[in-house]
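The data block below is upload08.pdb; it holds PDB, N, CA and C atoms, pLDDT in the B column.
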ATOM      1  N   MET A   1     -11.664 -34.631   3.763  1.00 78.00           N
ATOM      2  CA  MET A   1     -12.434 -34.586   2.541  1.00 78.00           C
ATOM      3  C   MET A   1     -11.509 -34.928   1.378  1.00 78.00           C
ATOM      4  N   ARG A   2     -11.947 -35.810   0.513  1.00 92.00           N
ATOM      5  CA  ARG A   2     -11.152 -36.231  -0.639  1.00 92.00           C
ATOM      6  C   ARG A   2     -11.257 -35.211  -1.767  1.00 92.00           C
ATOM      7  N   ALA A   3     -10.306 -35.257  -2.676  1.00 90.00           N
ATOM      8  CA  ALA A   3     -10.270 -34.305  -3.791  1.00 90.00           C
ATOM      9  C   ALA A   3     -11.549 -34.369  -4.616  1.00 90.00           C
ATOM     10  N   GLU A   4     -12.059 -35.559  -4.839  1.00 92.00           N
ATOM     11  CA  GLU A   4     -13.289 -35.717  -5.622  1.00 92.00           C
ATOM     12  C   GLU A   4     -14.464 -35.025  -4.933  1.00 92.00           C
ATOM     13  N   GLU A   5     -14.538 -35.150  -3.634  1.00 93.00           N
ATOM     14  CA  GLU A   5     -15.609 -34.497  -2.879  1.00 93.00           C
ATOM     15  C   GLU A   5     -15.463 -32.974  -2.934  1.00 93.00           C
ATOM     16  N   ILE A   6     -14.243 -32.517  -2.875  1.00 93.00           N
ATOM     17  CA  ILE A   6     -13.994 -31.073  -2.961  1.00 93.00           C
ATOM     18  C   ILE A   6     -14.436 -30.555  -4.325  1.00 93.00           C
ATOM     19  N   ARG A   7     -14.097 -31.289  -5.393  1.00 94.00           N
ATOM     20  CA  ARG A   7     -14.517 -30.885  -6.739  1.00 94.00           C
ATOM     21  C   ARG A   7     -16.028 -30.817  -6.851  1.00 94.00           C
ATOM     22  N   ASP A   8     -16.720 -31.774  -6.252  1.00 93.00           N
ATOM     23  CA  ASP A   8     -18.183 -31.770  -6.277  1.00 93.00           C
ATOM     24  C   ASP A   8     -18.735 -30.547  -5.552  1.00 93.00           C
ATOM     25  N   GLU A   9     -18.138 -30.233  -4.415  1.00 95.00           N
ATOM     26  CA  GLU A   9     -18.573 -29.056  -3.651  1.00 95.00           C
ATOM     27  C   GLU A   9     -18.344 -27.778  -4.460  1.00 95.00           C
ATOM     28  N   ILE A  10     -17.203 -27.695  -5.102  1.00 94.00           N
ATOM     29  CA  ILE A  10     -16.884 -26.510  -5.902  1.00 94.00           C
ATOM     30  C   ILE A  10     -17.850 -26.378  -7.071  1.00 94.00           C
ATOM     31  N   SER A  11     -18.176 -27.484  -7.705  1.00 95.00           N
ATOM     32  CA  SER A  11     -19.106 -27.454  -8.837  1.00 95.00           C
ATOM     33  C   SER A  11     -20.456 -26.882  -8.450  1.00 95.00           C
ATOM     34  N   ALA A  12     -20.844 -27.061  -7.214  1.00 96.00           N
ATOM     35  CA  ALA A  12     -22.150 -26.592  -6.752  1.00 96.00           C
ATOM     36  C   ALA A  12     -22.153 -25.105  -6.388  1.00 96.00           C
ATOM     37  N   LEU A  13     -20.989 -24.489  -6.326  1.00 96.00           N
ATOM     38  CA  LEU A  13     -20.898 -23.084  -5.937  1.00 96.00           C
ATOM     39  C   LEU A  13     -21.349 -22.157  -7.065  1.00 96.00           C
ATOM     40  N   ALA A  14     -21.826 -20.988  -6.678  1.00 96.00           N
ATOM     41  CA  ALA A  14     -22.127 -19.936  -7.646  1.00 96.00           C
ATOM     42  C   ALA A  14     -20.806 -19.406  -8.205  1.00 96.00           C
ATOM     43  N   LEU A  15     -20.859 -18.838  -9.388  1.00 96.00           N
ATOM     44  CA  LEU A  15     -19.647 -18.330 -10.027  1.00 96.00           C
ATOM     45  C   LEU A  15     -18.914 -17.327  -9.137  1.00 96.00           C
ATOM     46  N   SER A  16     -19.644 -16.431  -8.513  1.00 96.00           N
ATOM     47  CA  SER A  16     -18.998 -15.431  -7.654  1.00 96.00           C
ATOM     48  C   SER A  16     -18.252 -16.096  -6.498  1.00 96.00           C
ATOM     49  N   ASP A  17     -18.819 -17.162  -5.950  1.00 96.00           N
ATOM     50  CA  ASP A  17     -18.147 -17.885  -4.867  1.00 96.00           C
ATOM     51  C   ASP A  17     -16.922 -18.638  -5.380  1.00 96.00           C
ATOM     52  N   LYS A  18     -17.019 -19.170  -6.592  1.00 96.00           N
ATOM     53  CA  LYS A  18     -15.865 -19.856  -7.185  1.00 96.00           C
ATOM     54  C   LYS A  18     -14.711 -18.879  -7.377  1.00 96.00           C
ATOM     55  N   LEU A  19     -15.037 -17.667  -7.839  1.00 97.00           N
ATOM     56  CA  LEU A  19     -13.992 -16.667  -8.048  1.00 97.00           C
ATOM     57  C   LEU A  19     -13.332 -16.267  -6.734  1.00 97.00           C
ATOM     58  N   LEU A  20     -14.124 -16.119  -5.690  1.00 96.00           N
ATOM     59  CA  LEU A  20     -13.559 -15.809  -4.372  1.00 96.00           C
ATOM     60  C   LEU A  20     -12.665 -16.942  -3.882  1.00 96.00           C
ATOM     61  N   LEU A  21     -13.091 -18.162  -4.129  1.00 96.00           N
ATOM     62  CA  LEU A  21     -12.305 -19.322  -3.728  1.00 96.00           C
ATOM     63  C   LEU A  21     -10.972 -19.362  -4.473  1.00 96.00           C
ATOM     64  N   VAL A  22     -11.020 -19.101  -5.769  1.00 96.00           N
ATOM     65  CA  VAL A  22      -9.787 -19.076  -6.560  1.00 96.00           C
ATOM     66  C   VAL A  22      -8.841 -18.008  -6.026  1.00 96.00           C
ATOM     67  N   GLU A  23      -9.394 -16.847  -5.693  1.00 96.00           N
ATOM     68  CA  GLU A  23      -8.573 -15.771  -5.141  1.00 96.00           C
ATOM     69  C   GLU A  23      -7.925 -16.204  -3.826  1.00 96.00           C
ATOM     70  N   ASP A  24      -8.692 -16.849  -2.968  1.00 95.00           N
ATOM     71  CA  ASP A  24      -8.148 -17.331  -1.693  1.00 95.00           C
ATOM     72  C   ASP A  24      -7.058 -18.375  -1.908  1.00 95.00           C
ATOM     73  N   ILE A  25      -7.298 -19.275  -2.842  1.00 92.00           N
ATOM     74  CA  ILE A  25      -6.303 -20.314  -3.135  1.00 92.00           C
ATOM     75  C   ILE A  25      -5.028 -19.675  -3.670  1.00 92.00           C
ATOM     76  N   TRP A  26      -5.184 -18.735  -4.607  1.00 91.00           N
ATOM     77  CA  TRP A  26      -4.012 -18.073  -5.180  1.00 91.00           C
ATOM     78  C   TRP A  26      -3.224 -17.335  -4.102  1.00 91.00           C
ATOM     79  N   ASP A  27      -3.928 -16.636  -3.211  1.00 90.00           N
ATOM     80  CA  ASP A  27      -3.255 -15.925  -2.123  1.00 90.00           C
ATOM     81  C   ASP A  27      -2.469 -16.885  -1.235  1.00 90.00           C
ATOM     82  N   SER A  28      -3.041 -18.060  -0.966  1.00 88.00           N
ATOM     83  CA  SER A  28      -2.344 -19.025  -0.117  1.00 88.00           C
ATOM     84  C   SER A  28      -1.108 -19.585  -0.818  1.00 88.00           C
ATOM     85  N   ILE A  29      -1.177 -19.718  -2.140  1.00 84.00           N
ATOM     86  CA  ILE A  29      -0.016 -20.176  -2.904  1.00 84.00           C
ATOM     87  C   ILE A  29       1.064 -19.099  -2.891  1.00 84.00           C
ATOM     88  N   ALA A  30       0.653 -17.855  -3.096  1.00 82.00           N
ATOM     89  CA  ALA A  30       1.611 -16.746  -3.142  1.00 82.00           C
ATOM     90  C   ALA A  30       2.339 -16.583  -1.815  1.00 82.00           C
ATOM     91  N   LYS A  31       1.643 -16.800  -0.713  1.00 84.00           N
ATOM     92  CA  LYS A  31       2.275 -16.666   0.604  1.00 84.00           C
ATOM     93  C   LYS A  31       3.397 -17.679   0.790  1.00 84.00           C
ATOM     94  N   GLY A  32       3.230 -18.855   0.225  1.00 74.00           N
ATOM     95  CA  GLY A  32       4.219 -19.906   0.424  1.00 74.00           C
ATOM     96  C   GLY A  32       5.059 -20.183  -0.798  1.00 74.00           C
ATOM     97  N   ASN A  33       5.177 -19.183  -1.705  1.00 70.00           N
ATOM     98  CA  ASN A  33       5.879 -19.471  -2.948  1.00 70.00           C
ATOM     99  C   ASN A  33       7.364 -19.726  -2.750  1.00 70.00           C
ATOM    100  N   ASP A  34       7.915 -19.349  -1.604  1.00 73.00           N
ATOM    101  CA  ASP A  34       9.321 -19.645  -1.344  1.00 73.00           C
ATOM    102  C   ASP A  34       9.535 -21.133  -1.091  1.00 73.00           C
ATOM    103  N   GLU A  35       8.441 -21.858  -0.897  1.00 73.00           N
ATOM    104  CA  GLU A  35       8.533 -23.302  -0.683  1.00 73.00           C
ATOM    105  C   GLU A  35       8.759 -24.048  -1.993  1.00 73.00           C
ATOM    106  N   LEU A  36       8.421 -23.398  -3.117  1.00 75.00           N
ATOM    107  CA  LEU A  36       8.573 -24.038  -4.418  1.00 75.00           C
ATOM    108  C   LEU A  36       9.913 -23.640  -5.024  1.00 75.00           C
ATOM    109  N   PRO A  37      10.836 -24.570  -5.097  1.00 83.00           N
ATOM    110  CA  PRO A  37      12.136 -24.222  -5.660  1.00 83.00           C
ATOM    111  C   PRO A  37      12.029 -23.986  -7.167  1.00 83.00           C
ATOM    112  N   MET A  38      12.853 -23.082  -7.659  1.00 87.00           N
ATOM    113  CA  MET A  38      12.892 -22.833  -9.094  1.00 87.00           C
ATOM    114  C   MET A  38      13.677 -23.966  -9.746  1.00 87.00           C
ATOM    115  N   PRO A  39      13.130 -24.549 -10.807  1.00 93.00           N
ATOM    116  CA  PRO A  39      13.856 -25.629 -11.481  1.00 93.00           C
ATOM    117  C   PRO A  39      15.179 -25.116 -12.070  1.00 93.00           C
ATOM    118  N   GLU A  40      16.134 -25.995 -12.165  1.00 96.00           N
ATOM    119  CA  GLU A  40      17.457 -25.617 -12.663  1.00 96.00           C
ATOM    120  C   GLU A  40      17.386 -25.058 -14.082  1.00 96.00           C
ATOM    121  N   TRP A  41      16.543 -25.640 -14.941  1.00 97.00           N
ATOM    122  CA  TRP A  41      16.438 -25.157 -16.319  1.00 97.00           C
ATOM    123  C   TRP A  41      15.937 -23.716 -16.349  1.00 97.00           C
ATOM    124  N   GLN A  42      15.066 -23.359 -15.399  1.00 96.00           N
ATOM    125  CA  GLN A  42      14.530 -22.003 -15.350  1.00 96.00           C
ATOM    126  C   GLN A  42      15.614 -21.021 -14.878  1.00 96.00           C
ATOM    127  N   LYS A  43      16.403 -21.436 -13.900  1.00 96.00           N
ATOM    128  CA  LYS A  43      17.520 -20.605 -13.447  1.00 96.00           C
ATOM    129  C   LYS A  43      18.494 -20.355 -14.597  1.00 96.00           C
ATOM    130  N   GLN A  44      18.782 -21.405 -15.353  1.00 98.00           N
ATOM    131  CA  GLN A  44      19.711 -21.276 -16.472  1.00 98.00           C
ATOM    132  C   GLN A  44      19.171 -20.320 -17.533  1.00 98.00           C
ATOM    133  N   GLU A  45      17.879 -20.412 -17.798  1.00 97.00           N
ATOM    134  CA  GLU A  45      17.263 -19.521 -18.787  1.00 97.00           C
ATOM    135  C   GLU A  45      17.325 -18.070 -18.322  1.00 97.00           C
ATOM    136  N   LEU A  46      17.037 -17.834 -17.050  1.00 96.00           N
ATOM    137  CA  LEU A  46      17.126 -16.472 -16.516  1.00 96.00           C
ATOM    138  C   LEU A  46      18.557 -15.949 -16.585  1.00 96.00           C
ATOM    139  N   ASP A  47      19.514 -16.792 -16.236  1.00 97.00           N
ATOM    140  CA  ASP A  47      20.920 -16.391 -16.315  1.00 97.00           C
ATOM    141  C   ASP A  47      21.308 -16.051 -17.753  1.00 97.00           C
ATOM    142  N   LYS A  48      20.856 -16.870 -18.694  1.00 96.00           N
ATOM    143  CA  LYS A  48      21.160 -16.651 -20.107  1.00 96.00           C
ATOM    144  C   LYS A  48      20.574 -15.318 -20.583  1.00 96.00           C
ATOM    145  N   ARG A  49      19.333 -15.046 -20.218  1.00 94.00           N
ATOM    146  CA  ARG A  49      18.684 -13.798 -20.633  1.00 94.00           C
ATOM    147  C   ARG A  49      19.347 -12.583 -19.984  1.00 94.00           C
ATOM    148  N   TYR A  50      19.704 -12.712 -18.716  1.00 95.00           N
ATOM    149  CA  TYR A  50      20.366 -11.606 -18.025  1.00 95.00           C
ATOM    150  C   TYR A  50      21.725 -11.319 -18.659  1.00 95.00           C
ATOM    151  N   GLN A  51      22.472 -12.366 -18.960  1.00 96.00           N
ATOM    152  CA  GLN A  51      23.778 -12.180 -19.592  1.00 96.00           C
ATOM    153  C   GLN A  51      23.618 -11.535 -20.963  1.00 96.00           C
ATOM    154  N   SER A  52      22.613 -11.947 -21.704  1.00 95.00           N
ATOM    155  CA  SER A  52      22.337 -11.365 -23.014  1.00 95.00           C
ATOM    156  C   SER A  52      22.045  -9.871 -22.888  1.00 95.00           C
ATOM    157  N   PHE A  53      21.301  -9.502 -21.852  1.00 93.00           N
ATOM    158  CA  PHE A  53      21.023  -8.088 -21.596  1.00 93.00           C
ATOM    159  C   PHE A  53      22.311  -7.342 -21.250  1.00 93.00           C
ATOM    160  N   LYS A  54      23.119  -7.924 -20.351  1.00 94.00           N
ATOM    161  CA  LYS A  54      24.368  -7.274 -19.946  1.00 94.00           C
ATOM    162  C   LYS A  54      25.323  -7.101 -21.122  1.00 94.00           C
ATOM    163  N   ASP A  55      25.283  -8.043 -22.070  1.00 96.00           N
ATOM    164  CA  ASP A  55      26.153  -7.979 -23.242  1.00 96.00           C
ATOM    165  C   ASP A  55      25.630  -7.022 -24.305  1.00 96.00           C
ATOM    166  N   GLY A  56      24.490  -6.393 -24.043  1.00 93.00           N
ATOM    167  CA  GLY A  56      23.920  -5.438 -24.990  1.00 93.00           C
ATOM    168  C   GLY A  56      23.155  -6.074 -26.131  1.00 93.00           C
ATOM    169  N   GLU A  57      22.858  -7.357 -26.013  1.00 94.00           N
ATOM    170  CA  GLU A  57      22.139  -8.061 -27.076  1.00 94.00           C
ATOM    171  C   GLU A  57      20.622  -7.917 -26.949  1.00 94.00           C
ATOM    172  N   GLN A  58      20.176  -7.480 -25.795  1.00 90.00           N
ATOM    173  CA  GLN A  58      18.740  -7.328 -25.528  1.00 90.00           C
ATOM    174  C   GLN A  58      18.477  -5.925 -25.009  1.00 90.00           C
ATOM    175  N   GLU A  59      17.286  -5.429 -25.291  1.00 87.00           N
ATOM    176  CA  GLU A  59      16.879  -4.128 -24.774  1.00 87.00           C
ATOM    177  C   GLU A  59      15.756  -4.319 -23.767  1.00 87.00           C
ATOM    178  N   LEU A  60      15.663  -3.373 -22.848  1.00 90.00           N
ATOM    179  CA  LEU A  60      14.531  -3.353 -21.928  1.00 90.00           C
ATOM    180  C   LEU A  60      13.501  -2.375 -22.463  1.00 90.00           C
ATOM    181  N   HIS A  61      12.232  -2.702 -22.276  1.00 92.00           N
ATOM    182  CA  HIS A  61      11.142  -1.838 -22.713  1.00 92.00           C
ATOM    183  C   HIS A  61      10.208  -1.628 -21.534  1.00 92.00           C
ATOM    184  N   ASP A  62       9.786  -0.381 -21.337  1.00 95.00           N
ATOM    185  CA  ASP A  62       8.849  -0.131 -20.251  1.00 95.00           C
ATOM    186  C   ASP A  62       7.464  -0.632 -20.656  1.00 95.00           C
ATOM    187  N   TRP A  63       6.645  -0.870 -19.656  1.00 95.00           N
ATOM    188  CA  TRP A  63       5.323  -1.440 -19.886  1.00 95.00           C
ATOM    189  C   TRP A  63       4.487  -0.570 -20.817  1.00 95.00           C
ATOM    190  N   GLN A  64       4.571   0.733 -20.672  1.00 96.00           N
ATOM    191  CA  GLN A  64       3.757   1.638 -21.487  1.00 96.00           C
ATOM    192  C   GLN A  64       4.049   1.439 -22.973  1.00 96.00           C
ATOM    193  N   SER A  65       5.317   1.377 -23.354  1.00 95.00           N
ATOM    194  CA  SER A  65       5.655   1.218 -24.771  1.00 95.00           C
ATOM    195  C   SER A  65       5.255  -0.161 -25.285  1.00 95.00           C
ATOM    196  N   VAL A  66       5.419  -1.188 -24.476  1.00 95.00           N
ATOM    197  CA  VAL A  66       4.993  -2.535 -24.877  1.00 95.00           C
ATOM    198  C   VAL A  66       3.482  -2.562 -25.072  1.00 95.00           C
ATOM    199  N   HIS A  67       2.767  -1.979 -24.145  1.00 95.00           N
ATOM    200  CA  HIS A  67       1.307  -1.939 -24.208  1.00 95.00           C
ATOM    201  C   HIS A  67       0.841  -1.211 -25.472  1.00 95.00           C
ATOM    202  N   GLU A  68       1.431  -0.061 -25.753  1.00 95.00           N
ATOM    203  CA  GLU A  68       1.059   0.705 -26.943  1.00 95.00           C
ATOM    204  C   GLU A  68       1.360  -0.071 -28.218  1.00 95.00           C
ATOM    205  N   GLU A  69       2.495  -0.733 -28.259  1.00 94.00           N
ATOM    206  CA  GLU A  69       2.864  -1.511 -29.441  1.00 94.00           C
ATOM    207  C   GLU A  69       1.889  -2.669 -29.662  1.00 94.00           C
ATOM    208  N   LEU A  70       1.526  -3.347 -28.598  1.00 94.00           N
ATOM    209  CA  LEU A  70       0.571  -4.449 -28.719  1.00 94.00           C
ATOM    210  C   LEU A  70      -0.795  -3.953 -29.169  1.00 94.00           C
ATOM    211  N   ARG A  71      -1.250  -2.873 -28.584  1.00 94.00           N
ATOM    212  CA  ARG A  71      -2.560  -2.324 -28.962  1.00 94.00           C
ATOM    213  C   ARG A  71      -2.568  -1.914 -30.433  1.00 94.00           C
ATOM    214  N   ALA A  72      -1.491  -1.311 -30.892  1.00 94.00           N
ATOM    215  CA  ALA A  72      -1.406  -0.881 -32.288  1.00 94.00           C
ATOM    216  C   ALA A  72      -1.399  -2.073 -33.237  1.00 94.00           C
ATOM    217  N   SER A  73      -0.776  -3.163 -32.823  1.00 93.00           N
ATOM    218  CA  SER A  73      -0.687  -4.331 -33.711  1.00 93.00           C
ATOM    219  C   SER A  73      -2.001  -5.095 -33.821  1.00 93.00           C
ATOM    220  N   TYR A  74      -2.936  -4.848 -32.907  1.00 91.00           N
ATOM    221  CA  TYR A  74      -4.220  -5.551 -32.938  1.00 91.00           C
ATOM    222  C   TYR A  74      -5.358  -4.672 -33.426  1.00 91.00           C
ATOM    223  N   LYS A  75      -5.048  -3.509 -33.989  1.00 80.00           N
ATOM    224  CA  LYS A  75      -6.100  -2.632 -34.522  1.00 80.00           C
ATOM    225  C   LYS A  75      -6.454  -3.020 -35.920  1.00 80.00           C
TER     226      LYS A  75
END

Would you mind writing the structure in this file as structure tokens?
Amino acid sequence: MRAEEIRDEISALALSDKLLLVEDIWDSIAKGNDELPMPEWQKQELDKRYQSFKDGEQELHDWQSVHEELRASYK
């Protein structure tokens, strides 16, 4: 089946079926994510951020405090 035919089939699906399909597709991607190499620029950015943290230039924040801060800023 060609990509165009697949798109046509998907267009005909009910929204609930489309959501299930997206979930299945995402799960299949997640299972094989080790197949996708991280680009060099992304590795460099992670290294830079980690070094910045180790040097004391960055702080870590737990999810709860970040969530509360965001909620407060949108009130």

Q: Check chain A with DSSP on the backbone and list each residue it calls alpha helix (DSSP H), as a PyMOL selection string.
A: chain A and resi 3-11+15-31+40-54+63-73

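Atom C of Tyr50 in chain A is positioned 18.4 Å from atom N of Met38 in chain A.
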
Enclosing box along x, y and z for every listed atom of range 21-40 of chain A, padded 6 Å each side, centre and size in Å, one decimal, as AutoDock Vina command-line options:
--center_x 2.2 --center_y -20.9 --center_z -6.6 --size_x 42.5 --size_y 22.2 --size_z 26.9

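The space separating atom N of Asp55 in chain A from atom N of His67 in chain A comes to 23.4 Å.
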
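Counting only C-alpha atoms, Lys48 in chain A has the following residues at most 12 Å away, ignoring those fewer than 6 positions along the same chain: Trp41, Gln42, Lys54, Asp55, Glu57 and Gln58 of chain A.
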
Q: May I ask for the distance between CA of Glu5 in chain A and CA of Ile29 in chain A, given in Å to one decimal place?
A: 21.2 Å
